[in-house]
>>> print(open('structure-v3.cif').read())   # mmCIF, C-alpha atoms
data_my_file
loop_
_atom_site.label_atom_id
_atom_site.label_comp_id
_atom_site.auth_asym_id
_atom_site.auth_seq_id
_atom_site.Cartn_x
_atom_site.Cartn_y
_atom_site.Cartn_z
CA MET A 1 0.00 0.00 0.00
CA ASP A 2 1.57 3.28 -1.08
CA LEU A 3 0.86 5.61 1.84
CA ARG A 4 2.47 8.70 0.32
CA PRO A 5 -0.21 11.33 -0.24
CA GLU A 6 -0.75 12.42 -3.86
CA ALA A 7 0.92 15.81 -3.17
CA VAL A 8 4.07 14.07 -1.92
CA ARG A 9 4.20 11.69 -4.90
CA LYS A 10 3.89 14.63 -7.30
CA LEU A 11 6.63 16.51 -5.49
CA LEU A 12 8.90 13.44 -5.67
CA VAL A 13 8.39 13.24 -9.44
CA HIS A 14 9.43 16.87 -9.83
CA LEU A 15 12.37 16.58 -7.44
CA LYS A 16 13.73 13.50 -9.21
CA ARG A 17 13.94 15.50 -12.46
CA LEU A 18 16.57 17.77 -10.89
CA PRO A 19 20.24 17.01 -11.60
CA GLY A 20 21.97 14.95 -8.93
CA ILE A 21 18.70 14.11 -7.12
CA GLY A 22 17.91 10.38 -7.06
CA SER A 23 15.08 8.51 -5.35
CA ARG A 24 16.74 8.60 -1.96
CA SER A 25 17.66 12.30 -1.95
CA ALA A 26 14.20 13.15 -3.28
CA GLN A 27 12.60 11.25 -0.40
CA ARG A 28 14.93 12.96 2.08
CA LEU A 29 14.10 16.37 0.63
CA ALA A 30 10.37 15.63 0.71
CA GLU A 31 10.59 14.52 4.35
CA HIS A 32 12.41 17.73 5.21
CA LEU A 33 9.90 19.86 3.31
CA LEU A 34 7.04 18.12 5.14
CA THR A 35 8.50 18.73 8.58
CA CYS A 36 10.41 22.04 8.37
CA PRO A 37 8.71 25.34 9.27
CA GLU A 38 6.00 25.96 6.68
CA GLU A 39 7.41 29.44 5.86
CA GLU A 40 10.57 27.82 4.51
CA VAL A 41 8.62 25.79 1.95
CA GLU A 42 6.56 28.83 1.03
CA ALA A 43 9.68 30.94 0.57
CA LEU A 44 11.26 28.29 -1.65
CA ALA A 45 8.07 27.92 -3.69
CA ALA A 46 7.76 31.68 -4.16
CA SER A 47 11.41 32.02 -5.05
CA LEU A 48 11.00 29.31 -7.73
CA ALA A 49 7.77 30.82 -9.02
CA HIS A 50 9.43 34.22 -9.57
CA LEU A 51 12.76 32.92 -10.79
CA ARG A 52 12.18 32.72 -14.50
CA SER A 53 10.02 35.83 -14.83
CA SER A 54 12.57 38.03 -13.04
CA VAL A 55 15.63 36.80 -14.92
CA ARG A 56 16.19 37.41 -18.63
CA LEU A 57 19.12 37.36 -21.05
CA CYS A 58 21.07 40.58 -21.64
CA SER A 59 20.35 41.70 -25.21
CA GLN A 60 24.03 42.56 -25.75
CA CYS A 61 26.02 39.78 -24.08
CA PHE A 62 23.34 37.13 -23.26
CA LEU A 63 24.31 36.83 -19.60
CA LEU A 64 21.44 36.17 -17.17
CA THR A 65 20.34 39.45 -15.67
CA ALA A 66 17.49 41.20 -13.87
CA GLU A 67 17.87 44.38 -15.95
CA ASP A 68 18.76 44.79 -19.62
CA PRO A 69 21.53 45.64 -20.45
CA CYS A 70 23.22 43.67 -17.69
CA PRO A 71 25.44 45.22 -14.99
CA VAL A 72 28.63 44.27 -16.87
CA CYS A 73 27.54 45.86 -20.16
CA GLN A 74 26.45 48.97 -18.23
CA ASP A 75 29.56 49.26 -16.06
CA PRO A 76 31.87 52.08 -17.32
CA ASP A 77 34.80 50.63 -15.35
CA ARG A 78 35.00 47.31 -17.24
CA ASP A 79 37.75 46.83 -19.80
CA ARG A 80 35.90 47.18 -23.10
CA SER A 81 38.84 45.97 -25.18
CA VAL A 82 38.57 42.31 -24.09
CA LEU A 83 35.68 39.94 -24.72
CA LEU A 84 35.35 36.54 -23.03
CA VAL A 85 33.13 34.11 -24.93
CA VAL A 86 31.54 31.41 -22.75
CA GLU A 87 29.05 28.64 -23.51
CA ASP A 88 26.71 29.13 -20.55
CA PRO A 89 25.75 32.46 -19.00
CA THR A 90 26.31 31.03 -15.52
CA THR A 91 30.01 30.41 -16.29
CA ALA A 92 30.46 34.18 -15.95
CA TRP A 93 29.51 33.90 -12.26
CA SER A 94 32.48 31.61 -11.62
CA VAL A 95 34.80 33.79 -13.71
CA GLU A 96 33.78 36.83 -11.66
CA ALA A 97 34.39 34.88 -8.44
CA SER A 98 37.98 34.23 -9.64
CA GLY A 99 38.55 37.99 -9.75
CA ALA A 100 40.94 37.46 -12.68
CA TYR A 101 38.84 39.04 -15.43
CA HIS A 102 37.61 42.60 -15.91
CA GLY A 103 36.48 42.68 -19.54
CA LEU A 104 33.11 42.06 -21.17
CA TYR A 105 31.33 38.75 -21.79
CA HIS A 106 29.46 37.00 -24.56
CA ALA A 107 27.41 33.88 -23.82
CA LEU A 108 26.88 31.54 -26.78
CA LEU A 109 24.02 29.72 -25.02
CA GLY A 110 25.52 26.34 -25.88
CA HIS A 111 28.04 24.80 -28.24
CA LEU A 112 27.92 23.49 -31.80
CA SER A 113 26.56 19.97 -31.83
CA PRO A 114 25.43 18.79 -35.27
CA LEU A 115 24.28 15.47 -33.81
CA HIS A 116 21.79 17.30 -31.61
CA GLY A 117 20.79 19.67 -34.41
CA ILE A 118 22.60 22.64 -32.86
CA GLY A 119 24.22 24.67 -35.61
CA PRO A 120 25.57 28.25 -35.59
CA ASP A 121 22.03 29.67 -35.93
CA GLU A 122 20.95 28.10 -32.62
CA LEU A 123 23.75 29.95 -30.82
CA THR A 124 24.50 33.68 -30.51
CA ILE A 125 27.45 33.49 -32.92
CA ASP A 126 25.92 36.03 -35.34
CA ALA A 127 25.54 38.57 -32.56
CA LEU A 128 29.11 37.86 -31.46
CA VAL A 129 30.55 38.51 -34.92
CA LYS A 130 28.53 41.73 -35.16
CA ARG A 131 29.84 42.88 -31.77
CA VAL A 132 33.43 42.20 -32.83
CA ALA A 133 32.85 43.79 -36.26
CA SER A 134 31.55 46.98 -34.65
CA GLY A 135 35.09 47.42 -33.35
CA GLY A 136 36.63 48.35 -30.04
CA PHE A 137 37.81 44.88 -29.01
CA GLN A 138 41.52 44.08 -29.08
CA GLU A 139 41.20 40.50 -27.85
CA VAL A 140 38.53 37.82 -27.90
CA ILE A 141 39.10 34.95 -25.43
CA LEU A 142 37.23 31.84 -26.58
CA GLY A 143 36.31 30.33 -23.21
CA THR A 144 34.24 27.43 -24.53
CA ASN A 145 34.70 24.21 -22.54
CA PRO A 146 37.77 22.02 -23.29
CA THR A 147 35.55 19.28 -24.75
CA VAL A 148 35.28 18.08 -28.34
CA GLU A 149 32.21 20.27 -28.92
CA GLY A 150 33.73 23.24 -27.11
CA GLU A 151 36.97 23.03 -29.10
CA THR A 152 35.05 22.70 -32.37
CA THR A 153 32.93 25.72 -31.49
CA ALA A 154 36.06 27.72 -30.61
CA LEU A 155 37.75 26.82 -33.92
CA TYR A 156 34.59 27.68 -35.87
CA ILE A 157 34.36 31.10 -34.20
CA ALA A 158 38.10 31.74 -34.56
CA ARG A 159 37.74 31.31 -38.33
CA LEU A 160 34.77 33.71 -38.45
CA LEU A 161 36.77 36.33 -36.54
CA GLU A 162 39.81 36.14 -38.87
CA PRO A 163 38.74 39.16 -41.01
CA TYR A 164 38.69 41.40 -37.95
CA ASN A 165 41.77 42.86 -36.37
CA VAL A 166 41.54 41.08 -32.99
CA VAL A 167 43.77 38.68 -31.06
CA VAL A 168 41.87 35.42 -30.57
CA SER A 169 42.94 33.29 -27.58
CA ARG A 170 41.89 30.27 -25.45
CA PRO A 171 42.29 29.91 -21.68
CA ALA A 172 45.22 27.67 -20.67
CA SER A 173 44.62 23.93 -20.34
CA GLY A 174 46.56 22.00 -17.72
CA ILE A 175 46.61 20.47 -14.28
CA PRO A 176 44.09 22.17 -11.95
CA MET A 177 45.74 24.12 -9.11
CA GLY A 178 45.92 21.92 -6.03
CA GLY A 179 45.61 18.90 -8.32
CA ASP A 180 47.65 15.72 -8.32
CA LEU A 181 49.63 14.92 -11.49
CA GLY A 182 49.01 11.20 -11.01
CA ALA A 183 45.27 11.65 -10.63
CA VAL A 184 44.78 13.89 -13.66
CA ASP A 185 43.42 12.29 -16.85
CA GLN A 186 45.91 11.41 -19.61
CA VAL A 187 44.75 14.01 -22.13
CA THR A 188 45.08 16.83 -19.59
CA LEU A 189 48.45 15.54 -18.44
CA GLY A 190 49.65 15.33 -22.05
CA GLN A 191 48.44 18.90 -22.71
CA ALA A 192 50.06 20.15 -19.51
CA LEU A 193 53.43 18.66 -20.50
CA THR A 194 53.26 19.81 -24.12
CA LEU A 195 52.28 23.32 -23.09
CA ARG A 196 54.80 23.50 -20.23
CA ARG A 197 56.21 26.94 -19.49
CA LYS A 198 59.65 28.08 -18.38
CA LEU A 199 60.06 29.20 -14.77
CA MET B 1 31.39 41.74 -9.21
CA ASP B 2 28.57 39.36 -8.28
CA LEU B 3 26.65 38.88 -11.53
CA ARG B 4 23.99 36.59 -10.11
CA PRO B 5 20.60 38.31 -10.33
CA GLU B 6 18.83 38.94 -7.01
CA ALA B 7 16.26 36.21 -7.80
CA VAL B 8 19.05 33.64 -8.27
CA ARG B 9 20.81 34.66 -5.05
CA LYS B 10 17.55 34.32 -3.11
CA LEU B 11 16.91 30.89 -4.63
CA LEU B 12 20.44 29.77 -3.69
CA VAL B 13 19.84 30.81 -0.06
CA HIS B 14 16.67 28.71 0.06
CA LEU B 15 18.24 25.73 -1.75
CA LYS B 16 21.23 25.68 0.60
CA ARG B 17 18.87 25.25 3.59
CA LEU B 18 17.78 21.85 2.21
CA PRO B 19 19.45 18.73 3.64
CA GLY B 20 22.37 17.46 1.58
CA ILE B 21 22.51 20.55 -0.63
CA GLY B 22 25.77 22.50 -0.37
CA SER B 23 26.97 25.54 -2.31
CA ARG B 24 27.97 23.53 -5.34
CA SER B 25 24.77 21.47 -5.63
CA ALA B 26 22.71 24.61 -5.05
CA GLN B 27 24.49 26.37 -7.92
CA ARG B 28 24.02 23.31 -10.14
CA LEU B 29 20.32 23.16 -9.29
CA ALA B 30 19.91 26.91 -9.92
CA GLU B 31 21.63 26.58 -13.30
CA HIS B 32 19.32 23.74 -14.22
CA LEU B 33 16.24 25.65 -13.07
CA LEU B 34 17.33 28.67 -15.14
CA THR B 35 17.78 26.66 -18.32
CA CYS B 36 15.22 23.83 -18.19
CA PRO B 37 11.77 24.25 -19.78
CA GLU B 38 9.93 26.93 -17.79
CA GLU B 39 6.95 24.58 -17.18
CA GLU B 40 9.19 22.30 -15.11
CA VAL B 41 10.07 25.11 -12.70
CA GLU B 42 6.43 26.19 -12.53
CA ALA B 43 5.32 22.63 -11.79
CA LEU B 44 7.90 22.27 -9.03
CA ALA B 45 6.94 25.65 -7.53
CA ALA B 46 3.23 24.78 -7.60
CA SER B 47 3.86 21.35 -6.14
CA LEU B 48 5.80 22.95 -3.26
CA ALA B 49 3.20 25.66 -2.74
CA HIS B 50 0.42 23.09 -2.34
CA LEU B 51 2.42 20.51 -0.42
CA ARG B 52 1.78 21.57 3.14
CA SER B 53 -1.83 22.64 2.69
CA SER B 54 -2.83 19.33 1.09
CA VAL B 55 -1.10 17.05 3.59
CA ARG B 56 -2.19 16.75 7.22
CA LEU B 57 -1.67 14.29 10.08
CA CYS B 58 -4.20 11.49 10.54
CA SER B 59 -6.10 12.21 13.77
CA GLN B 60 -5.90 8.54 14.78
CA CYS B 61 -2.39 7.37 13.85
CA PHE B 62 -0.58 10.65 12.97
CA LEU B 63 0.64 9.42 9.59
CA LEU B 64 0.83 12.04 6.83
CA THR B 65 -2.31 11.85 4.74
CA ALA B 66 -4.48 13.74 2.29
CA GLU B 67 -7.72 12.62 3.95
CA ASP B 68 -8.49 12.06 7.64
CA PRO B 69 -8.61 9.28 8.80
CA CYS B 70 -5.76 8.01 6.65
CA PRO B 71 -6.06 5.11 4.15
CA VAL B 72 -4.53 2.65 6.65
CA CYS B 73 -6.93 3.54 9.47
CA GLN B 74 -9.84 3.33 7.00
CA ASP B 75 -8.80 0.07 5.34
CA PRO B 76 -10.97 -2.85 6.56
CA ASP B 77 -8.36 -5.36 5.33
CA ARG B 78 -5.54 -4.27 7.67
CA ASP B 79 -4.72 -6.43 10.67
CA ARG B 80 -6.19 -4.39 13.56
CA SER B 81 -4.55 -6.53 16.24
CA VAL B 82 -1.01 -5.23 15.62
CA LEU B 83 0.23 -1.66 16.07
CA LEU B 84 3.62 -0.47 14.82
CA VAL B 85 4.90 2.62 16.63
CA VAL B 86 7.34 4.73 14.58
CA GLU B 87 9.05 8.05 15.28
CA ASP B 88 8.42 9.75 11.95
CA PRO B 89 5.28 9.40 9.81
CA THR B 90 7.42 8.93 6.70
CA THR B 91 8.96 5.76 8.16
CA ALA B 92 5.62 4.07 7.41
CA TRP B 93 6.26 4.63 3.67
CA SER B 94 9.42 2.50 3.84
CA VAL B 95 7.70 -0.15 5.97
CA GLU B 96 4.90 -0.40 3.39
CA ALA B 97 7.48 -0.70 0.63
CA SER B 98 8.96 -3.73 2.45
CA GLY B 99 5.59 -5.47 2.16
CA ALA B 100 6.27 -7.20 5.49
CA TYR B 101 3.67 -5.43 7.63
CA HIS B 102 -0.11 -5.36 7.41
CA GLY B 103 -1.17 -3.89 10.76
CA LEU B 104 -1.88 -0.34 11.89
CA TYR B 105 0.57 2.47 12.65
CA HIS B 106 1.15 5.09 15.27
CA ALA B 107 3.61 7.95 14.62
CA LEU B 108 5.09 9.53 17.74
CA LEU B 109 6.25 12.62 15.78
CA GLY B 110 9.71 12.39 17.31
CA HIS B 111 11.49 10.80 20.25
CA LEU B 112 12.04 11.74 23.90
CA SER B 113 14.94 14.16 24.13
CA PRO B 114 15.07 16.01 27.47
CA LEU B 115 18.11 18.01 26.30
CA HIS B 116 16.01 19.48 23.47
CA GLY B 117 13.00 19.98 25.74
CA ILE B 118 11.06 17.13 24.14
CA GLY B 119 9.14 15.27 26.84
CA PRO B 120 6.20 12.85 26.56
CA ASP B 121 3.75 15.78 26.10
CA GLU B 122 5.50 16.90 22.90
CA LEU B 123 4.91 13.45 21.39
CA THR B 124 1.69 11.52 20.70
CA ILE B 125 2.33 9.10 23.57
CA ASP B 126 -0.92 9.98 25.35
CA ALA B 127 -2.93 9.20 22.23
CA LEU B 128 -0.99 5.93 21.84
CA VAL B 129 -1.78 4.78 25.37
CA LYS B 130 -5.47 5.68 24.85
CA ARG B 131 -5.52 3.67 21.61
CA VAL B 132 -4.02 0.64 23.32
CA ALA B 133 -6.30 1.07 26.35
CA SER B 134 -9.37 1.10 24.14
CA GLY B 135 -8.48 -2.53 23.39
CA GLY B 136 -8.30 -4.66 20.30
CA PHE B 137 -4.50 -4.77 19.95
CA GLN B 138 -2.68 -8.00 20.75
CA GLU B 139 0.81 -6.69 19.97
CA VAL B 140 2.51 -3.29 19.95
CA ILE B 141 5.81 -3.19 18.00
CA LEU B 142 7.96 -0.30 19.22
CA GLY B 143 9.69 0.65 15.98
CA THR B 144 11.56 3.68 17.31
CA ASN B 145 15.05 4.06 15.87
CA PRO B 146 17.88 1.97 17.40
CA THR B 147 19.54 5.11 18.82
CA VAL B 148 19.95 6.17 22.45
CA GLU B 149 16.87 8.42 22.21
CA GLY B 150 14.86 5.83 20.29
CA GLU B 151 15.68 3.07 22.81
CA THR B 152 14.83 5.38 25.73
CA THR B 153 11.52 6.27 24.10
CA ALA B 154 10.75 2.58 23.51
CA LEU B 155 11.51 1.69 27.15
CA TYR B 156 9.40 4.59 28.41
CA ILE B 157 6.42 3.51 26.29
CA ALA B 158 6.91 -0.17 27.18
CA ARG B 159 6.51 0.76 30.87
CA LEU B 160 3.36 2.79 30.15
CA LEU B 161 1.85 -0.17 28.29
CA GLU B 162 2.53 -2.68 31.10
CA PRO B 163 -1.02 -2.42 32.60
CA TYR B 164 -2.57 -3.45 29.29
CA ASN B 165 -2.75 -7.01 28.08
CA VAL B 166 -0.54 -6.60 24.96
CA VAL B 167 2.72 -8.15 23.78
CA VAL B 168 5.29 -5.36 23.41
CA SER B 169 8.14 -6.02 20.96
CA ARG B 170 11.03 -4.31 19.13
CA PRO B 171 12.14 -5.00 15.50
CA ALA B 172 15.29 -7.15 15.32
CA SER B 173 18.69 -5.42 15.38
CA GLY B 174 21.54 -6.93 13.39
CA ILE B 175 23.57 -6.85 10.23
CA PRO B 176 21.66 -5.31 7.32
CA MET B 177 20.83 -7.82 4.55
CA GLY B 178 23.48 -7.65 1.86
CA GLY B 179 25.81 -6.11 4.44
CA ASP B 180 29.41 -6.99 5.22
CA LEU B 181 30.18 -8.23 8.74
CA GLY B 182 33.55 -6.51 8.69
CA ALA B 183 32.07 -3.19 7.63
CA VAL B 184 29.28 -3.09 10.20
CA ASP B 185 29.81 -0.94 13.32
CA GLN B 186 30.89 -2.68 16.55
CA VAL B 187 27.65 -2.13 18.47
CA THR B 188 25.57 -3.64 15.66
CA LEU B 189 28.01 -6.54 15.27
CA GLY B 190 27.89 -7.18 19.02
CA GLN B 191 24.09 -7.13 18.98
CA ALA B 192 23.97 -9.41 15.95
CA LEU B 193 26.21 -11.98 17.68
CA THR B 194 24.43 -11.79 21.04
CA LEU B 195 21.03 -12.11 19.38
CA ARG B 196 22.15 -14.89 17.00
CA ARG B 197 19.48 -17.38 16.02
CA LYS B 198 19.63 -21.13 15.38
CA LEU B 199 19.37 -22.30 11.80
#
>>> encode(input="structure-v3.cif", output="structure tokens")
Amino acid sequence: MDLRPEAVRKLLVHLKRLPGIGSRSAQRLAEHLLTCPEEEVEALAASLAHLRSSVRLCSQCFLLTAEDPCPVCQDPDRDRSVLLVVEDPTTAWSVEASGAYHGLYHALLGHLSPLHGIGPDELTIDALVKRVASGGFQEVILGTNPTVEGETTALYIARLLEPYNVVVSRPASGIPMGGDLGAVDQVTLGQALTLRRKL
Amino acid sequence: MDLRPEAVRKLLVHLKRLPGIGSRSAQRLAEHLLTCPEEEVEALAASLAHLRSSVRLCSQCFLLTAEDPCPVCQDPDRDRSVLLVVEDPTTAWSVEASGAYHGLYHALLGHLSPLHGIGPDELTIDALVKRVASGGFQEVILGTNPTVEGETTALYIARLLEPYNVVVSRPASGIPMGGDLGAVDQVTLGQALTLRRKL
């Protein structure tokens, strides 16, 4: 006899769709949500209900933002000569947390993936080329992920940017800081050795 | 510069309050919720918003239920001579999934914990004694957790039930099925050996 009330079963279905949440975690979350102060559940529900309507994509750089243009595009103190191209808008949050970048961003909203029917028109590559063509940038850093699709996308964009007078670069690949050479995968280790730098 | 829109930061605060969700999982969940089909987020939000209002405690056994009395208390086919006492109402879901129990339930809504100010009056012990006193039960299984608080609660209830003509029992303690004797904690291993049974 399944004793879980209909509302709990529905919640479990929705929770299990979330990344990293299996049957067990979903049940644990549901138990917590059934026993915690009711205001907490209400606050979470409200925060989810307003999430998508209060966040949009910046019309210039396609980062997630509450206002358009986004704070980066509006900020007069950012270095407007460098553009960092990322796949996902949320990657910019981590880049900002690193404190190592002060230029502008451009989110592609994905990577080229012919097998999944994602060509250049499904991404914001057109807008990127127009931004670069309109001038002002000295360097475009292609920060797509170091995966087959990410590399392909970077090469594709690099070719499109050839006619414009900009330096095109990729972030360094190598052993993560604090990492263990023996524990790193072979491709990364090979890259790190090939691209070694003099001290 | 923190680029996360206010709505995302709020959501992260609420997500991080959930059990087993740290900073990294919260960020991953937020990213998913920002990029998945909007209907999924709406469905999750609605399901959370209705959760607490559509689930109450059964007035007889204190299980979580949509209707009162709950399906177990209403079911004429359940064995009304056995009562399983559990700490949390959700424990009954797992017991039902085991298929090994067909009697009635009683959820205490916690365990005795003087240090946290939880005495008998904070639990449903009074209601339990009244249920047993009203007769009809031949056995009461004290399924509180095998922890110090759970054992104390079980002993306390066992004493209260002494005047009534019922068998009072505890579920077996021992090595979990599929478990490894060497990997089991010492207390459990000790219990399992002391309580060994003849084949």
>>> interface_residues(input="structure-v3.cif", of="chain A", to="chain B", cutoff="7 Å", atoms="all atoms listed in the file", output="PyMOL selection string")
chain A and resi 1-5+7-8+10-11+14+18-19+29+31+34+41-42+44-49+51-52+54-55+65-66+90+93+96
>>> resolve_selection(input="structure-v3.cif", expression="the PyMOL selection byres ((chain A and resi 160) around 12)", output="number ranges by chain")
A: 120, 125-130, 132-133, 140, 153-159, 161-166, 168
>>> residues_around(input="structure-v3.cif", residues="His111 in chain A", least_positions_apart="6", cutoff="12 Å", atoms="all atoms listed in the file", output="number ranges by chain")
A: 85-88, 117-125, 142-157
>>> write_last_selection(input="structure-v3.cif", atoms="C-alpha atoms", output="PDB file, in the coordinates of the input")
ATOM      1  CA  VAL A  85      33.130  34.110 -24.930  1.00  0.00           C
ATOM      2  CA  VAL A  86      31.540  31.410 -22.750  1.00  0.00           C
ATOM      3  CA  GLU A  87      29.050  28.640 -23.510  1.00  0.00           C
ATOM      4  CA  ASP A  88      26.710  29.130 -20.550  1.00  0.00           C
ATOM      5  CA  GLY A 117      20.790  19.670 -34.410  1.00  0.00           C
ATOM      6  CA  ILE A 118      22.600  22.640 -32.860  1.00  0.00           C
ATOM      7  CA  GLY A 119      24.220  24.670 -35.610  1.00  0.00           C
ATOM      8  CA  PRO A 120      25.570  28.250 -35.590  1.00  0.00           C
ATOM      9  CA  ASP A 121      22.030  29.670 -35.930  1.00  0.00           C
ATOM     10  CA  GLU A 122      20.950  28.100 -32.620  1.00  0.00           C
ATOM     11  CA  LEU A 123      23.750  29.950 -30.820  1.00  0.00           C
ATOM     12  CA  THR A 124      24.500  33.680 -30.510  1.00  0.00           C
ATOM     13  CA  ILE A 125      27.450  33.490 -32.920  1.00  0.00           C
ATOM     14  CA  LEU A 142      37.230  31.840 -26.580  1.00  0.00           C
ATOM     15  CA  GLY A 143      36.310  30.330 -23.210  1.00  0.00           C
ATOM     16  CA  THR A 144      34.240  27.430 -24.530  1.00  0.00           C
ATOM     17  CA  ASN A 145      34.700  24.210 -22.540  1.00  0.00           C
ATOM     18  CA  PRO A 146      37.770  22.020 -23.290  1.00  0.00           C
ATOM     19  CA  THR A 147      35.550  19.280 -24.750  1.00  0.00           C
ATOM     20  CA  VAL A 148      35.280  18.080 -28.340  1.00  0.00           C
ATOM     21  CA  GLU A 149      32.210  20.270 -28.920  1.00  0.00           C
ATOM     22  CA  GLY A 150      33.730  23.240 -27.110  1.00  0.00           C
ATOM     23  CA  GLU A 151      36.970  23.030 -29.100  1.00  0.00           C
ATOM     24  CA  THR A 152      35.050  22.700 -32.370  1.00  0.00           C
ATOM     25  CA  THR A 153      32.930  25.720 -31.490  1.00  0.00           C
ATOM     26  CA  ALA A 154      36.060  27.720 -30.610  1.00  0.00           C
ATOM     27  CA  LEU A 155      37.750  26.820 -33.920  1.00  0.00           C
ATOM     28  CA  TYR A 156      34.590  27.680 -35.870  1.00  0.00           C
ATOM     29  CA  ILE A 157      34.360  31.100 -34.200  1.00  0.00           C
TER      30      ILE A 157
END
>>> atom_distance(input="structure-v3.cif", atom1="CA of Ser59 in chain A", atom2="CA of Leu84 in chain A")
16.0 Å
>>> resolve_selection(input="structure-v3.cif", expression="the PyMOL selection byres ((chain B and resi 104) around 10)", output="PyMOL selection string")
chain B and resi 61+72-73+75+78-85+92+101-103+105-106+137+140
>>> closest_residue(input="structure-v3.cif", among="A:Pro114, A:Ala26, A:Leu199, A:Leu108", to="Gln60 in chain A", atoms="all atoms listed in the file")
A:Leu108
>>> axis_aligned_box(input="structure-v3.cif", around="range 42-59 of chain B", padding_each_side="4 Å", output="AutoDock Vina command-line options")
--center_x 0.9 --center_y 18.8 --center_z 0.6 --size_x 22.0 --size_y 22.7 --size_z 34.3
>>> atom_distance(input="structure-v3.cif", atom1="CA of Arg131 in chain B", atom2="CA of Pro69 in chain B")
14.3 Å
>>> atom_distance(input="structure-v3.cif", atom1="CA of Gly136 in chain B", atom2="CA of Pro171 in chain B")
21.0 Å
>>> build_atoms(input="structure-v3.cif", residues="range 121-126 of chain A", atoms="all heavy atoms", output="mmCIF file, in the coordinates of the input")
data_model
loop_
_atom_site.group_PDB
_atom_site.id
_atom_site.type_symbol
_atom_site.label_atom_id
_atom_site.label_comp_id
_atom_site.auth_asym_id
_atom_site.auth_seq_id
_atom_site.Cartn_x
_atom_site.Cartn_y
_atom_site.Cartn_z
ATOM 1 N N ASP A 121 23.213 28.825 -36.069
ATOM 2 C CA ASP A 121 22.030 29.670 -35.930
ATOM 3 C C ASP A 121 21.320 29.486 -34.591
ATOM 4 O O ASP A 121 20.546 30.339 -34.154
ATOM 5 C CB ASP A 121 21.029 29.385 -37.063
ATOM 6 C CG ASP A 121 21.616 29.807 -38.398
ATOM 7 O OD1 ASP A 121 22.603 30.574 -38.384
ATOM 8 O OD2 ASP A 121 21.101 29.360 -39.438
ATOM 9 N N GLU A 122 21.574 28.339 -33.931
ATOM 10 C CA GLU A 122 20.950 28.100 -32.620
ATOM 11 C C GLU A 122 21.727 28.811 -31.518
ATOM 12 O O GLU A 122 21.255 28.917 -30.400
ATOM 13 C CB GLU A 122 20.887 26.595 -32.320
ATOM 14 C CG GLU A 122 19.671 25.885 -32.898
ATOM 15 C CD GLU A 122 19.694 25.817 -34.420
ATOM 16 O OE1 GLU A 122 20.744 25.442 -34.995
ATOM 17 O OE2 GLU A 122 18.692 26.183 -35.036
ATOM 18 N N LEU A 123 22.929 29.259 -31.829
ATOM 19 C CA LEU A 123 23.750 29.950 -30.820
ATOM 20 C C LEU A 123 23.764 31.454 -31.132
ATOM 21 O O LEU A 123 23.169 31.898 -32.112
ATOM 22 C CB LEU A 123 25.171 29.374 -30.839
ATOM 23 C CG LEU A 123 25.257 27.853 -30.679
ATOM 24 C CD1 LEU A 123 26.710 27.407 -30.779
ATOM 25 C CD2 LEU A 123 24.663 27.412 -29.359
ATOM 26 N N THR A 124 24.469 32.220 -30.311
ATOM 27 C CA THR A 124 24.500 33.680 -30.510
ATOM 28 C C THR A 124 25.773 34.096 -31.257
ATOM 29 O O THR A 124 26.353 35.142 -30.984
ATOM 30 C CB THR A 124 24.437 34.401 -29.157
ATOM 31 O OG1 THR A 124 25.639 34.070 -28.431
ATOM 32 C CG2 THR A 124 23.236 33.975 -28.338
ATOM 33 N N ILE A 125 26.199 33.229 -32.203
ATOM 34 C CA ILE A 125 27.450 33.490 -32.920
ATOM 35 C C ILE A 125 27.326 34.711 -33.828
ATOM 36 O O ILE A 125 28.250 35.532 -33.925
ATOM 37 C CB ILE A 125 27.875 32.219 -33.711
ATOM 38 C CG1 ILE A 125 28.235 31.106 -32.715
ATOM 39 C CG2 ILE A 125 29.024 32.525 -34.654
ATOM 40 C CD1 ILE A 125 28.685 29.810 -33.343
ATOM 41 N N ASP A 126 26.161 34.863 -34.485
ATOM 42 C CA ASP A 126 25.920 36.030 -35.340
ATOM 43 C C ASP A 126 26.099 37.327 -34.560
ATOM 44 O O ASP A 126 26.804 38.239 -35.006
ATOM 45 C CB ASP A 126 24.475 35.986 -35.869
ATOM 46 C CG ASP A 126 24.441 35.586 -37.330
ATOM 47 O OD1 ASP A 126 25.508 35.127 -37.826
ATOM 48 O OD2 ASP A 126 23.382 35.723 -37.957
#
